[in-house]
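What follows is a set of notes on a single structure, which appears directly below.
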Amino acid sequence: MKRIVTIIIILTAIITQVTGNNYSQTVRGYILDRDTKTPLFGVNILIVGSNPPQGASTNIDGYFKIENVNVGRISLRLTCLGYESQVIPNIVVGTGKEVFLDLEMQESLINLSEVVISSETEKGEVNNEMSLISSRQVTVEETQRFAGSLDDPSRMVSAFAGVTSDPMGNNDIVVRGNSPKGILWKLEGIDIPNPNHFSEESTTGGPINALSSNMLANSDFYTGAFAPEYGNAISGIFDVRMRTGNNEKPEFTVGVGVLGVDLAAEGPFKKGYSGSYLFNYRYSSLSLLDNLGVVDFGGVPRYQDLSFKINLPTNNAGTFSLFGLGGISGINDEWEDNEGIIRETSDFETHMGTVGLNHFYHFSSNSFIKSSVSYSTNGSNYDGKELVNSNLVPTSSGDWNKNTIRGAINFSKKFNAKHRLMTGISYDHYLYDMKMNYYDTDEEAWKNSILLNKDAGLLQSYITWKYRITPELTMVSGLHYTQFMLNDALAIEPRLAFNWQVAPNQVISAGYGKHSMVESIITYYGTVYDHNNNPTQPNVNLDLTKSDHYIIGYEYGFSKKVNAKVEIYYQNLHSIPIENIDSSYYSLINESHGFIDKELVSKGKGYNYGIEFTLERYFFNNYYFMFTGSLFDSKYKAKDGKWRNTRYNGSYATNFLIGKEFAIGKPENGNKLNINTKLLFNGGNRYIPLDMEQSRIEGNSVYNTNKAFENRLDNVFQMNLTISYSINRPKVRHEIYLDIYNVTNNSSRIHEYYDEYKDQKGYHTQLNMIPNIMYKIHF
């Protein structure tokens with residue numbers, strides 16, 4: 001830690017120079033109608049608090065440009081005749097790059113009047129206007145500011161009410177007591193595979209996200225009663241958006257840190273054309289040092305990723321957008337006994353990638369169509385060895401590959417300020433090539449766990465209607481349809497939500513949604529050996545896993561800067577795959593990854609209910625704070641008929657975040673020091689206790705399933721700290737980050753196992769302290 005602080009001081013001393021320059025930058029962008037996505041002419045944009053007033057107005061294309069904006073944080077107030085006014089807060093303006101904004105405004109139900117003040121908020125709404133409840137916007141600025149995020153949006157959302165993560169270090173997202181496999185990832189409106197390094201089929205998390213914050217725009221995160229357009233998820237949805245590159249001049253970012261080396265580039269294709277490109281490439285720092293011979297230890301994580309977005313507007317054919325994300329990762333590891341003898345080794349490699357093309361076209365000023373095609377791939381390769389008669393011999397191997405071809409088309413029609421209708425259809429075609437083998441020591445023969453070379457389709461469609469009954473009351477209703485072509489399992493899912501502003505500072509919301517999810521293909525085609533030791537695949541005809549969400553919420557604004565929110569929810573889960581043995585405790589509701597070697601039936605049940613509270617002071621006057629807390633219960637019932645805790649029934653979760661920004665040097669230079677911290681105290685996951693006596697007899701971990709998930713080992717406490725320093729220089733901006741995960745190095749016990757080499761009980765514990773230092777330069 002002393003070395004890290006010393007490095008920061010040296011870098012700061014080298015970069016910082018006291019000058020009298022008054023640094024400025026350009027702020028520009030487009031403003032569209034929120035429903036029709038058509039450009040808005042005549043919008044007045046004013047920098048809040050500027051003296052003399054500084055701003056601009058949009059032209060016929062909805063474009064605006066404000067030059068010579070002082071560096072620092074600004075807020076923009078948008079006003080337009082016939083539209084609700086809006087405040088865009090906490091826009092960070094620096095010397096290195098122009099600020100480019102894609103903004104939207106909502107048409108007012110009060111005609112021919114300038115709507116001001118009453119509908120302004122200091123916090124951005126989610127991008128999807130059809131989502132009225134259990135939704136939260138994830139801003140790029142918050143991802144960089146919230147302590148412990150490690151510049152990873154999936155870690156950042158664990159600060160939200162009702163959301164927890166894996167204390168052992170994976171960025172699994174656990175929402176309201178559900179398994180993380182119920183999360184759906186979307187990129188630019190398209191379903192994508194798990195975008196994390198070191199992940200595999202059936203998982204939704206991983207140690208490191210392949211999405212770089214250099215690429216991200218403000219995105220949306222949903223925790224229940226999803227809008228009708230969303231399907232194939234029962235827990236949560238992360239709808240990630242990429243920003244558009246600068247279409248007027250080239251700009252670059254170079255970052256060097258503990259987690260990776262980042263290179264980003266953006267710019268126009270040619271002068272006078274509004275198209276642009278944006279690319280980012282990252283390579284593992286430890287892998288780079290390992291290749292150079294600087295580090296020498298086992299288990300060095302290797303990963304690299306590439307992401308891009310190319311925006312191609314046309315005069316008459318609409319706008320085309322080509323985007324992609326891809327990553328590869330791998331790690332070689334080994335385990336030693338007390339005498340230093342290597343007992344086991346493993347080689348693990350993964351890959352994922354998505355490339356897609358979106359097309360947006362206006363039929364008229366009130367209707368548009370958005371179509372997309374994409375190709376995705378994800379998979380992993382594993383080889384394990386164990387020491388047998390003084391030799392390391394193969395004992396397991398796997399090669400999983402999944403490819404997806406997807407097409408979707410969505411149509412939107414705005415009839416007037418009150419009514420908007422959307423409908424769409426999508427089809428995913430999955431191509432599977434998977435195999436997994438293990439050596440059965442009892443029978444001294446290799447056996448097959450997965451052997452799969454098949455394809456299947458997933459058809460989804462929806463229709464949704466937004467009705468703004470009054471300026472204060474909005475309703476969204478609709479239906480979603482899902483059909484899994486593998487076995488023709490289907491679901492018709494009604495959705496309904498209300499949002500009622502009962503007073504200028506109070507909102508009541510309510511929502512219901514039926515949701516369903518396709519399980520991983522390895523669940524349907526896992527190999528199960530019968531009593532005659534013959535391989536079978538009994539799970540092909542499993543139903544979709546289903547969940548009904550009921551939510552009611554209340555918000556109270558103490559001021560434009562301080563807001564409180566309460567949500568109460570109940571979720572009824574059914575058609576959950578459970579083991580087809582009358583005495584079995586086993587339910588797929590407790591799994592987050594791995595293949596299934598059990599005969600299952602879709603007769604399991606479960607429920608989650610709880611209350612969530614958020615008190616937030618938005619960033620203003622150089623500081624912010626947020627407290628989130630949730631009390632919940634999560635239960636399930638398997639074939640044994642007993643209601644048990646789910647693995648993820650932590651019972652409670654709390655977070656407290658606070659941060660302060662300090663001006664360094666002359667105010668006109670805009671140099672800032674930020675100090676942010678996060679404290680969390682969560683109930684630990686439930687576990688199955690170890691049967692030590694039987695484990696010694698069999699030579700591996702054997703668990704007492706009669707006490708499955710009754711208790712937890714330890715609760716989880718964690719403190720994270722982020723210190724960042726931004727330095728503006730002419731045409732260049734420097735940033736130095738120190739993000740310390742688990743500052744106190746707390747080591748709560750999460751899970752126990754039998755250590756056969758030491759003949760004792762061992763524990764998987766909370767991830768140790770990780771200091772991540774990063775230096776970025778924008779120019």
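Starting from 1 in every chain, residues are counted up; chains themselves are A, B, ... following the order of the structure tokens, and ligands are numbered from 1 as listed.
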Residues near Arg145 of chain A, cut-off 12 Å, only C-alpha atoms, skip fewer than 3 positions along chain, as number ranges by chain: A: 90, 92, 138-142, 148-153, 156, 159, 213, 619, 623-625, 657-661, 673-678, 720-725, 737-739
Surrounding residues of Leu451 of chain A excluding itself and chain neighbours under 5 positions, 9 Å, only C-alpha atoms, as a PyMOL selection string: chain A and resi 433-437+525-527
Near-segment 192-201 of chain A list (6 Å; only C-alpha atoms; drop same-chain fewer than 6 positions) as a PDB file with N, CA, C and O atoms, in the first residue's frame:
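For reference, out14.pdb as written:
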```pdb
ATOM      1  N   TRP A 185     -28.467 -10.367 -19.964  1.00  0.00           N
ATOM      2  CA  TRP A 185     -27.598  -9.305 -20.460  1.00  0.00           C
ATOM      3  C   TRP A 185     -28.034  -8.913 -21.862  1.00  0.00           C
ATOM      4  O   TRP A 185     -28.269  -9.771 -22.717  1.00  0.00           O
ATOM      5  N   LYS A 186     -28.138  -7.591 -22.095  1.00  0.00           N
ATOM      6  CA  LYS A 186     -28.440  -7.066 -23.416  1.00  0.00           C
ATOM      7  C   LYS A 186     -27.397  -6.005 -23.768  1.00  0.00           C
ATOM      8  O   LYS A 186     -26.915  -5.281 -22.895  1.00  0.00           O
ATOM      9  N   ILE A 208     -14.003 -10.720 -14.169  1.00  0.00           N
ATOM     10  CA  ILE A 208     -13.696  -9.461 -14.850  1.00  0.00           C
ATOM     11  C   ILE A 208     -14.643  -9.288 -16.022  1.00  0.00           C
ATOM     12  O   ILE A 208     -14.771 -10.171 -16.874  1.00  0.00           O
ATOM     13  N   ASN A 209     -15.297  -8.135 -16.089  1.00  0.00           N
ATOM     14  CA  ASN A 209     -16.218  -7.853 -17.183  1.00  0.00           C
ATOM     15  C   ASN A 209     -15.444  -7.413 -18.420  1.00  0.00           C
ATOM     16  O   ASN A 209     -14.474  -6.657 -18.332  1.00  0.00           O
ATOM     17  N   ALA A 210     -15.888  -7.894 -19.592  1.00  0.00           N
ATOM     18  CA  ALA A 210     -15.221  -7.536 -20.847  1.00  0.00           C
ATOM     19  C   ALA A 210     -15.670  -6.181 -21.376  1.00  0.00           C
ATOM     20  O   ALA A 210     -15.103  -5.679 -22.346  1.00  0.00           O
ATOM     21  N   SER A 329      -9.989 -15.565 -22.594  1.00  0.00           N
ATOM     22  CA  SER A 329      -9.329 -15.602 -21.299  1.00  0.00           C
ATOM     23  C   SER A 329      -8.883 -17.026 -20.995  1.00  0.00           C
ATOM     24  O   SER A 329      -9.393 -17.993 -21.575  1.00  0.00           O
ATOM     25  N   THR A 350     -11.619 -19.672 -21.926  1.00  0.00           N
ATOM     26  CA  THR A 350     -12.975 -19.291 -22.317  1.00  0.00           C
ATOM     27  C   THR A 350     -12.927 -18.276 -23.454  1.00  0.00           C
ATOM     28  O   THR A 350     -11.906 -17.616 -23.681  1.00  0.00           O
ATOM     29  N   GLY A 379     -18.062 -20.009 -25.105  1.00  0.00           N
ATOM     30  CA  GLY A 379     -17.680 -21.375 -24.801  1.00  0.00           C
ATOM     31  C   GLY A 379     -16.484 -21.430 -23.889  1.00  0.00           C
ATOM     32  O   GLY A 379     -15.890 -20.409 -23.507  1.00  0.00           O
ATOM     33  N   SER A 380     -16.108 -22.659 -23.528  1.00  0.00           N
ATOM     34  CA  SER A 380     -14.972 -22.870 -22.638  1.00  0.00           C
ATOM     35  C   SER A 380     -14.334 -24.218 -22.926  1.00  0.00           C
ATOM     36  O   SER A 380     -14.957 -25.119 -23.509  1.00  0.00           O
TER      37      SER A 380
END
```
Strand (DSSP E) residues, from DSSP on the backbone, in segment 182-322 of chain A, as JSON, numbers by chain: {"A": [183, 184, 185, 186, 187, 190, 191, 196, 197, 208, 209, 219, 220, 221, 222, 236, 237, 238, 239, 240, 251, 252, 253, 254, 255, 256, 257, 261, 262, 263, 264, 265, 266, 267, 268, 276, 277, 278, 279, 280, 281, 282, 283, 302, 303, 304, 305, 306, 307, 308, 309, 310, 311, 312, 313, 319, 320, 321, 322]}
Residue contacts of Tyr607 of chain A (9 Å, only C-alpha atoms) excluding same-chain residues fewer than 2 positions away, as a ChimeraX atom specification: /A:547,570-574,605,609,633-636
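Minimum atom-to-atom distance to Asn768 of chain A, evaluated using only C-alpha atoms, belongs to A:Ile740 out of A:Ile740, A:Ile450, A:Val300, A:Val126.
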Please report as JSON lines every residue of segment 661-702 of chain A lying within 10 Å of segment 760-764 of chain A, along with the nearest atom pair and their distance in Å (one decimal), using only C-alpha atoms.
```
{"residue": "A:Leu690", "atom": "CA", "partner": "A:Lys761", "partner_atom": "CA", "distance": 8.2}
{"residue": "A:Asp691", "atom": "CA", "partner": "A:Lys761", "partner_atom": "CA", "distance": 9.8}
{"residue": "A:Met692", "atom": "CA", "partner": "A:Lys761", "partner_atom": "CA", "distance": 7.5}
{"residue": "A:Ser695", "atom": "CA", "partner": "A:Lys761", "partner_atom": "CA", "distance": 9.7}
{"residue": "A:Arg696", "atom": "CA", "partner": "A:Gln760", "partner_atom": "CA", "distance": 8.9}
{"residue": "A:Ser701", "atom": "CA", "partner": "A:Lys761", "partner_atom": "CA", "distance": 9.3}
```
Selected residues, N, CA, C and O atoms, written as a CSV table (one decimal), in the first residue's frame, please.
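Generated file (out.csv):
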```csv
chain,number,residue,atom,x,y,z
A,690,LEU,N,-20.7,-29.9,5.9
A,690,LEU,CA,-19.9,-31.0,5.6
A,690,LEU,C,-20.1,-32.2,6.6
A,690,LEU,O,-20.2,-31.9,7.8
A,691,ASP,N,-20.1,-33.4,6.0
A,691,ASP,CA,-20.1,-34.6,6.8
A,691,ASP,C,-18.7,-35.1,6.9
A,691,ASP,O,-18.2,-35.8,6.0
A,692,MET,N,-18.0,-34.7,8.0
A,692,MET,CA,-16.5,-35.0,8.0
A,692,MET,C,-16.3,-36.5,8.1
A,692,MET,O,-15.3,-37.0,7.4
A,695,SER,N,-16.8,-37.9,4.7
A,695,SER,CA,-15.8,-37.4,3.8
A,695,SER,C,-14.4,-38.1,4.0
A,695,SER,O,-13.8,-38.4,3.0
A,696,ARG,N,-14.1,-38.4,5.2
A,696,ARG,CA,-12.8,-39.2,5.4
A,696,ARG,C,-12.9,-40.6,4.8
A,696,ARG,O,-11.9,-41.1,4.3
A,701,SER,N,-15.2,-34.5,-0.5
A,701,SER,CA,-16.3,-33.8,0.3
A,701,SER,C,-17.6,-34.5,0.1
A,701,SER,O,-18.1,-34.7,-1.0
```
